[in-house]
Amino acid sequence: MQFLRACLICLLLFNLACRSTQLEARKDDVNVQDSLRQDSLQSNTITPPIDEIKEETIPYRASHTREFDLLHTRLEVEPNILAHTLEGIATLQLKPYFYPKDRLMLDAKGFDIQKLVLWKDDQEKTLEYDYDGYQLNIQLDREYSRQEEFFVKIFYTARPDEIELKGSAAITQDKGLYFIGTDSTQLGPKPTQVWTQGETQANSCWFPTIDAPNERTTQEMFITVDSAFKTLSNGLLVSSQFNDDNTRTDYWKMDQPHAPYLFMMAIGDYAIVEDQWQDKELSYYVEPAFEPYARDIFGRTPEMMKYFSNLLGVEYVWPKYSQVVVRDFVSGAMENTTASVFMESLQVDDRELIDYHWDDIIAHELFHHWFGDLVTCESWANLPLNESFATYSEYLWSNYKYGKNEGEYTLWEQGQNYFAEAEEKQVDLIRYRYEDQEDMFDRHSYDKGSRILHMLRTYLGDEAFFTALHNYLNEHAYTSVEIHDLRLAFEEVSGQDLNWFFNQWFLASGHPQLEVKHLYDSGKLRLNIQQVQNTEITPVFTIPLQMEVWVNDKPQQFSLLVDEEEKSWSFELSQNPDLMIFDPGADLLMEINHDKTPQEWTYQYQHASNPIKRMEALEALAQDSVGSEVAQVYKKALNDEFWMIRQMALNTLELFPQFLSSEDVNKVLQMAGQDDKSLVRADAISVLAALDADKYRAVYLQGMNDSSYAVVGSSIAAYTLSGANDKGEVFAPYEEYSNFNVVIALADYYVENQIQDKYSWFSDKFTQINDEALYYLLNYFARFLINLPPEDQQGGIDLLAEYAEKHPKYYIRLNAYRSLSFFDDREEVQRLRQNIKEEEKDQRLRSIYESIP
């Protein structure tokens with residue numbers, strides 16, 4: 001499972017500068033939970049660790065007690081697309097787990113139960129049961145021992161739309177079964193689709209089961225659909241039987257056991273692009289319009305499968321791998337065994353992939369097929385055993401495929417995601433106390449966990465780390481695990497007691513915050529390090545810390561063990577060092593405060609091999625003010641090997657044009673047309689526009705023909721700033737584009753120049769763009785409406801209200817609601833917003849609405 005990802009920076013919504021680095025919704029930057037944090041926070045206090053909160057307020061969350069072993073699940077299902085229901089027959093093969101049992105409890109949410117029988121030798125015996133709408137309490141015909149298997153057969157109708165919804169930032173709804181493009185009240189035309197989402201415990205909304213992560217079952221699924229539709233499920237397609245009523249029944253079979261939350265079904269009008277890895281079939285399910293781009297999007301999957309299999313020494317064990325894109329998905333993606341589901345944002349053309357590929361999310365879901373599907377967390381308290389590994393795979397793949405710079409940047413972004421969350425929330429990574437299992441889907445379980453795994457790898461070394469993972473996967477294949485199983489695997493290989501590492505990183509909260517001071521005197525370097533984090537809620541960490549000391553342009557390496565709240569060292573050194581870098585490989589998840597002079601930061605940029613340490617130096621140099629000496633460092637950075645640093649240099653130098661010589665401007669001009677990275681070309685164009693908007697019109701016109709949408713969008717924004725009188729004519733061909741960069745650049749132009757004949761363009765774009773772009777466009781649309789005569793505003797107000805009431809994504813509803821505030825001088829709009837607030841069923845939004853004036 002991967003978070004919904006979008007760069008939704010709420011503070012900038014009402015004063016958005018139009019440039020590529022701000023307009024592009026980076027899928028690997030800020031998640032929706034982060035962007036909404038400012039609205040939902042009630043204070044700035046840090047959440048203390050769970051064990052500091054009274055136990056009676058937050059219950060202990062044990063793993064599910066296994067009273068029965070679910071051996072096999074056979075489902076015969078027929079969705080009623082118009083009614084949003086599912087007719088099903090579930091045949092479950094079970095036996096008592098250990099103790100004799102005569103009653104069976106099954107999870108089954110929102111069902112109409114027609115018949116429930118014990119099935120034996122093709123004979124049915126009616127069983128008595130109690131049902132409260134959530135669980136089936138079944139009285140068996142007698143007591144069964146653990147050596148005795150039996151079959152229960154349930155005839156039912158699932159009604160997912162009638163279930164009370166819950167959700168989280170990672171999984172926005174939990175009704176399990178979703179019908180798309182079939183509702184007359186939906187917003188805009190959509191293809192007809194049916195799909196499922198099981199994590200955490202939502203698959204029991206469409207079939208009865210033991211809905212717990214420590215359960216495992218083999219599977220058969222017979223799906224009856226209109227013969228025009230394609231289907232997808234776990235395992236292999238065994239047969240397709242055409243029926244007399246213009247329907248078809250597809251039979252999917254999964255012979256390897258897996259957890260019930262990993263069951264899936266997808267139905268729709270799909271183009272299926274076939275691929276292969278070794279002897280296993282691969283397939284990419286996309287809407288027909290995106291069939292030409294399916295291999296561009298997913299085509300590195302076979303290489304990923306080979307790389308991960310070789311790296312772990314454990315081959316991909318499942319019989320096939322399919323990837324399907326669905327509309328209105330309630331998360332970023334989901335690792336259903338052999339059939340991952342992805343949000344519609346992955347459906348892009350080849351030009352969009354020039355700016356951003358989707359390898360991170362594709363690798364994430366694939367790696368789950370080892371960590372999550374093959375070896376599964378036994379309880380949601382142990383969710384990081386799934387998600388930390390999947391998130392770490394994003395680094396592994398990026399580092400392998402795109403090089404060290406990209407890999408290091410991936411790790412850095414993960415750290416930034418965690419640190420942002422840690423400002424108001426610090427909890428144990430493995431949490432046995434939580435209000436709801438959805439609380440586990442946070443930046444701790446994903447990003448912090450990934451960085452912890454990287455620290456463990458750095459400490460143990462690659463051979464020990466991957467040998468331990470190999471053993472862990474083999475020993476626990478097709479079973480469920482807890483954190484101590486992972487610790488024991490590393491201890492067995494390394495021969496070390498690793499309780500100290502697991503206790504402070506997996507079973508405690510927070511991270512080290514180090515205050516570093518040094519003094520050179522009489523041939524000695526004296527060093528003092530103090531851990532200044534709040535040790536009432538965070539441990540005093542044991543930190544194996546590397547220090548790099550530069551003297552006469554040569555580095556010396558020192559190994560420190562920081563294991564006390566305050567500790568000092570003394571080293572013989574021939575002269576005062578030019579520079580000291582702590583954690584030169586940027587491996588550790590910690591904050592370091594070590595005062596450095598501008599000369600030392602300059603030296604660090606010039607000598608650090610790790611791109612994160614160079615970025616750190618540039619950021620520090622820009623914090624006070626940029627003088628001519630600092631500007632020289634940034635001008636040197638325009639030639640850095642890493643594109644992100646070149647981008648940082650451009651963005652900073654744009655603010656200080658007085659330091660740019662004609663030679664520097666020529667360098668920017670060259671970057672605008674020739675830099676290998678499209679995002680750098682886009683930002684270089686923005687810099688030229690800031691320097692002299694009219695002088696470089698030819699560059700903007702050329703940029704509008706670039707293959708990169710980011711460059712096109714930046715060029716439109718730059719041309720907008722010029723004094724050209726043909727903007728409408730020049731921009732007209734780009735109105736049909738649906739890419740984020742282009743749409744937002746045009747929207748900004750129309751709003752800022754009060755162009756009033758674009759109502760249809762705005763309203764049409766609402767149904768053509770992805771949700772990340774829609775989030776921003778709603779606000780632009782409200783600002784556009786303000787410039788219309790009052791009598792022409794009502795249709796737009798009604799449209800905003802529709803999105804505030806009906807859109808399936810809660811953050812879209814939120815911004816539509818906010819956008820209505822532009823018209824709060826009208827009493828009817830005040831009443832409308834109040835009504836929307838009162839009718840909203842999502843508790844997260846209700847809480848946010850209460851805090852909005």
# chains A, B, ... in the order shown; residues from 1 in each chain; ligands from 1
>>> residues_around(residues="range 338-346 of chain A", least_positions_apart="6", cutoff="10 Å", atoms="only C-alpha atoms", output="MDAnalysis selection string")
chainID A and resid 1:2 4:5 27 195:197 232:236 254 262:266 282:287 290 294 297:298 317:332 353 357:358 361:362 365:366 368:369 373 769:772
>>> residues_around(residues="range 781-791 of chain A", least_positions_apart="6", cutoff="10 Å", atoms="only C-alpha atoms", output="mmCIF file with N, CA and C atoms, in the first residue's frame")
data_model
loop_
_atom_site.group_PDB
_atom_site.id
_atom_site.type_symbol
_atom_site.label_atom_id
_atom_site.label_comp_id
_atom_site.auth_asym_id
_atom_site.auth_seq_id
_atom_site.Cartn_x
_atom_site.Cartn_y
_atom_site.Cartn_z
ATOM 1 N N PHE A 14 -3.618 30.499 -2.330
ATOM 2 C CA PHE A 14 -4.244 31.770 -2.653
ATOM 3 C C PHE A 14 -3.251 32.790 -3.213
ATOM 4 N N ALA A 747 -4.526 28.612 -16.437
ATOM 5 C CA ALA A 747 -5.482 29.108 -15.441
ATOM 6 C C ALA A 747 -4.954 30.367 -14.774
ATOM 7 N N ASP A 748 -3.683 30.373 -14.442
ATOM 8 C CA ASP A 748 -3.080 31.550 -13.822
ATOM 9 C C ASP A 748 -3.154 32.759 -14.763
ATOM 10 N N TYR A 750 -5.376 33.278 -17.201
ATOM 11 C CA TYR A 750 -6.758 33.723 -17.346
ATOM 12 C C TYR A 750 -7.236 34.495 -16.125
ATOM 13 N N VAL A 751 -6.826 34.044 -14.937
ATOM 14 C CA VAL A 751 -7.267 34.708 -13.716
ATOM 15 C C VAL A 751 -6.573 36.055 -13.536
ATOM 16 N N GLU A 752 -5.256 36.062 -13.683
ATOM 17 C CA GLU A 752 -4.502 37.287 -13.443
ATOM 18 C C GLU A 752 -4.842 38.378 -14.454
ATOM 19 N N ASN A 753 -5.269 37.986 -15.660
ATOM 20 C CA ASN A 753 -5.593 38.962 -16.697
ATOM 21 C C ASN A 753 -7.095 39.158 -16.864
ATOM 22 N N GLN A 754 -7.861 38.545 -15.946
ATOM 23 C CA GLN A 754 -9.310 38.720 -15.889
ATOM 24 C C GLN A 754 -9.966 38.458 -17.252
ATOM 25 N N ILE A 755 -9.563 37.380 -17.864
ATOM 26 C CA ILE A 755 -10.167 36.966 -19.138
ATOM 27 C C ILE A 755 -11.450 36.205 -18.818
ATOM 28 N N GLN A 756 -12.568 36.711 -19.298
ATOM 29 C CA GLN A 756 -13.861 36.268 -18.765
ATOM 30 C C GLN A 756 -14.580 35.230 -19.622
ATOM 31 N N ASP A 757 -14.039 34.848 -20.759
ATOM 32 C CA ASP A 757 -14.784 33.925 -21.623
ATOM 33 C C ASP A 757 -14.264 32.495 -21.526
ATOM 34 N N LYS A 758 -13.734 32.124 -20.369
ATOM 35 C CA LYS A 758 -13.128 30.801 -20.221
ATOM 36 C C LYS A 758 -13.893 29.888 -19.262
ATOM 37 N N TYR A 759 -15.159 30.204 -19.032
ATOM 38 C CA TYR A 759 -15.934 29.371 -18.099
ATOM 39 C C TYR A 759 -15.964 27.921 -18.567
ATOM 40 N N PHE A 762 -12.657 26.067 -17.994
ATOM 41 C CA PHE A 762 -12.472 25.641 -16.610
ATOM 42 C C PHE A 762 -13.342 24.430 -16.286
ATOM 43 N N SER A 763 -14.630 24.521 -16.573
ATOM 44 C CA SER A 763 -15.541 23.447 -16.177
ATOM 45 C C SER A 763 -15.228 22.152 -16.916
ATOM 46 N N PHE A 766 -12.244 20.259 -15.342
ATOM 47 C CA PHE A 766 -12.534 19.543 -14.107
ATOM 48 C C PHE A 766 -12.625 18.036 -14.339
ATOM 49 N N LEU A 774 -6.711 19.065 -10.155
ATOM 50 C CA LEU A 774 -8.040 19.560 -9.783
ATOM 51 C C LEU A 774 -7.995 20.296 -8.446
ATOM 52 N N ILE A 797 -20.688 28.726 -8.768
ATOM 53 C CA ILE A 797 -20.849 28.452 -7.339
ATOM 54 C C ILE A 797 -21.511 27.098 -7.141
ATOM 55 N N LEU A 800 -18.914 24.384 -7.789
ATOM 56 C CA LEU A 800 -18.024 24.211 -6.643
ATOM 57 C C LEU A 800 -18.724 23.453 -5.520
ATOM 58 N N ALA A 816 -12.807 22.472 -2.526
ATOM 59 C CA ALA A 816 -14.007 23.055 -3.123
ATOM 60 C C ALA A 816 -14.774 23.858 -2.073
ATOM 61 N N ARG A 818 -13.469 25.267 0.606
ATOM 62 C CA ARG A 818 -12.693 26.477 0.851
ATOM 63 C C ARG A 818 -12.912 27.513 -0.239
ATOM 64 N N SER A 819 -12.937 27.041 -1.477
ATOM 65 C CA SER A 819 -13.057 27.967 -2.600
ATOM 66 C C SER A 819 -14.373 28.723 -2.563
ATOM 67 N N LEU A 820 -15.398 28.119 -1.982
ATOM 68 C CA LEU A 820 -16.677 28.816 -1.842
ATOM 69 C C LEU A 820 -16.568 30.029 -0.917
ATOM 70 N N SER A 821 -15.516 30.061 -0.086
ATOM 71 C CA SER A 821 -15.381 31.186 0.853
ATOM 72 C C SER A 821 -15.145 32.508 0.134
ATOM 73 N N PHE A 822 -14.738 32.465 -1.153
ATOM 74 C CA PHE A 822 -14.585 33.698 -1.913
ATOM 75 C C PHE A 822 -15.914 34.444 -2.046
ATOM 76 N N PHE A 823 -17.011 33.739 -1.827
ATOM 77 C CA PHE A 823 -18.341 34.335 -2.036
ATOM 78 C C PHE A 823 -19.113 34.424 -0.723
#
>>> residues_around(residues="Glu564 in chain A", least_positions_apart="2", cutoff="10 Å", atoms="only C-alpha atoms", output="MDAnalysis selection string")
chainID A and resid 529:531 540:543 561:562 566:568
>>> atom_distance(atom1="CA of Ile848 in chain A", atom2="CA of Gln426 in chain A")
21.5 Å
>>> select_by_dssp(residues="range 162-400 of chain A", states="strand (DSSP E or B)", output="PyMOL selection string")
chain A and resi 177-180+193-196+209+217-226+230-233+236-242+247-258+265-268+271-277+280-286+320-325+333-334+339-342+371+375-377
>>> select_by_dssp(residues="range 329-387 of chain A", states="helix (DSSP H, G or I)", output="VMD selection string")
chain A and resid 344 to 346 350 to 355 359 to 367 380 to 382 384 to 387
